[in-house]
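A short worksheet on the structure shown next.
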Amino acid sequence: MIKLTINGTEYELDVADDMPLLWAIRDHAKLTGTKFGCGVGLCSACTVHLDGQPVQSCSTPVSLAAGKQITTIEGIGETAEGKAIQEAWKTLEVVQCGYCQPGQIMSAAALLKHTPKPGDTDIDKAMGNNICRCNTYHRIRAGIHAAAEKKSA
Ligand code: FES
Ligand code: FES
């Protein structure tokens, strides 16, 4: 049995310590916004925050998340950065098929938290591991700039 705090709610889950956090979140806590892409740390579709830091949940054992604040795409809109990112995503219609976008939004929200006014280089560095098969990279970059503007206005 392991206790996790996800989006401020406590979950007690009957899972093995070495289960990937992604499966605990999706299959046991039933929060399916976080996506499974490659499963081996290459695409970042599975990105969540642990104490505010972005991590790939497919490659993080659930035991490492115990005692930490886990934030998923279902909860990121409660933060100032997440809200600004989600609004910019809607205004600029960033999403195409949408599959990679929970991970993109989680990485973008973490970037804005630590770098409120990122330049293109900061964005490329922070978002470089998030793969989008629909090639929405230009709109993602514009969305991050728009969210940064809105937050600082
Ligand atoms: S599913 Fe985790 S990095 Fe691809
Ligand atoms: S929007 Fe389709 S994979 Fe990124």
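Scheme for the structure tokens: letters A, B, ... for chains in order shown; per-chain residue numbers from 1; ligand numbers from 1 in order shown.
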
(request) Find the residues around range 21-33 of chain A up to 12 Å (only C-alpha atoms counted), leave out those fewer than 4 positions away in its own chain, and share them as a ChimeraX atom specification. (result) /A:1-7,9-17,37-41,44-50,55-66,70-76,98-103,105-106

(request) Could you find all residues in range 38-80 of chain A that DSSP calls helix (DSSP H, G or I) from the backbone, and write them as a list in words? (result)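 Assigned to helix (DSSP H, G or I), within range 38-80 of chain A: Ser57, Cys58, Ser59, Val62, Ser63, Leu64, Ala65, Ile76, Gly77, Glu78 and Ala80 of chain A.
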
(request) Go through A:Lys117, A:Gln104, A:Glu78, A:Arg139 and flag the residue nearest ligand 1, using only C-alpha atoms and all ligand atoms for the distances. (result) A:Gln104

(request) Name the residues, by chain letter and number, that sit within 8 Å of ligand 2 using only C-alpha atoms and all ligand atoms, and give them as a PyMOL selection string. (result) chain A and resi 94-101+131-136

Please build the interface table for range 121-150 of chain A against range 108-113 of chain A with a cut-off of 10 Å, listing for each qualifying residue the nearest atom pair and the distance in Å to one decimal; count only C-alpha atoms, order rows by chain and increasing number, and write it as JSON lines.
{"residue": "A:Asp122", "atom": "CA", "partner": "A:Leu111", "partner_atom": "CA", "distance": 8.2}
{"residue": "A:Ile123", "atom": "CA", "partner": "A:Leu111", "partner_atom": "CA", "distance": 7.6}
{"residue": "A:Lys125", "atom": "CA", "partner": "A:Leu111", "partner_atom": "CA", "distance": 9.6}
{"residue": "A:Ala126", "atom": "CA", "partner": "A:Leu111", "partner_atom": "CA", "distance": 6.4}
{"residue": "A:Met127", "atom": "CA", "partner": "A:Ala108", "partner_atom": "CA", "distance": 7.0}
{"residue": "A:Asn130", "atom": "CA", "partner": "A:Ala108", "partner_atom": "CA", "distance": 9.9}
{"residue": "A:Ile140", "atom": "CA", "partner": "A:Ala108", "partner_atom": "CA", "distance": 8.6}
{"residue": "A:Arg141", "atom": "CA", "partner": "A:Ala108", "partner_atom": "CA", "distance": 9.2}
{"residue": "A:Gly143", "atom": "CA", "partner": "A:Ala108", "partner_atom": "CA", "distance": 9.2}
{"residue": "A:Ile144", "atom": "CA", "partner": "A:Ala108", "partner_atom": "CA", "distance": 6.7}
{"residue": "A:His145", "atom": "CA", "partner": "A:Leu112", "partner_atom": "CA", "distance": 9.5}
{"residue": "A:Ala147", "atom": "CA", "partner": "A:Leu112", "partner_atom": "CA", "distance": 8.4}
{"residue": "A:Ala148", "atom": "CA", "partner": "A:Leu112", "partner_atom": "CA", "distance": 6.9}

(request) Measure the distance from CA of Ala88 in chain A to CA of Leu42 in chain A in Å and round it to one decimal. (result)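 CA of Ala88 in chain A sits 25.9 Å away from CA of Leu42 in chain A.
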
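Using only C-alpha atoms and all ligand atoms for every distance, the candidate list A:Ala84, A:Gly128, A:Tyr137, A:Ala146 yields A:Gly128 as the residue closest to ligand 1.
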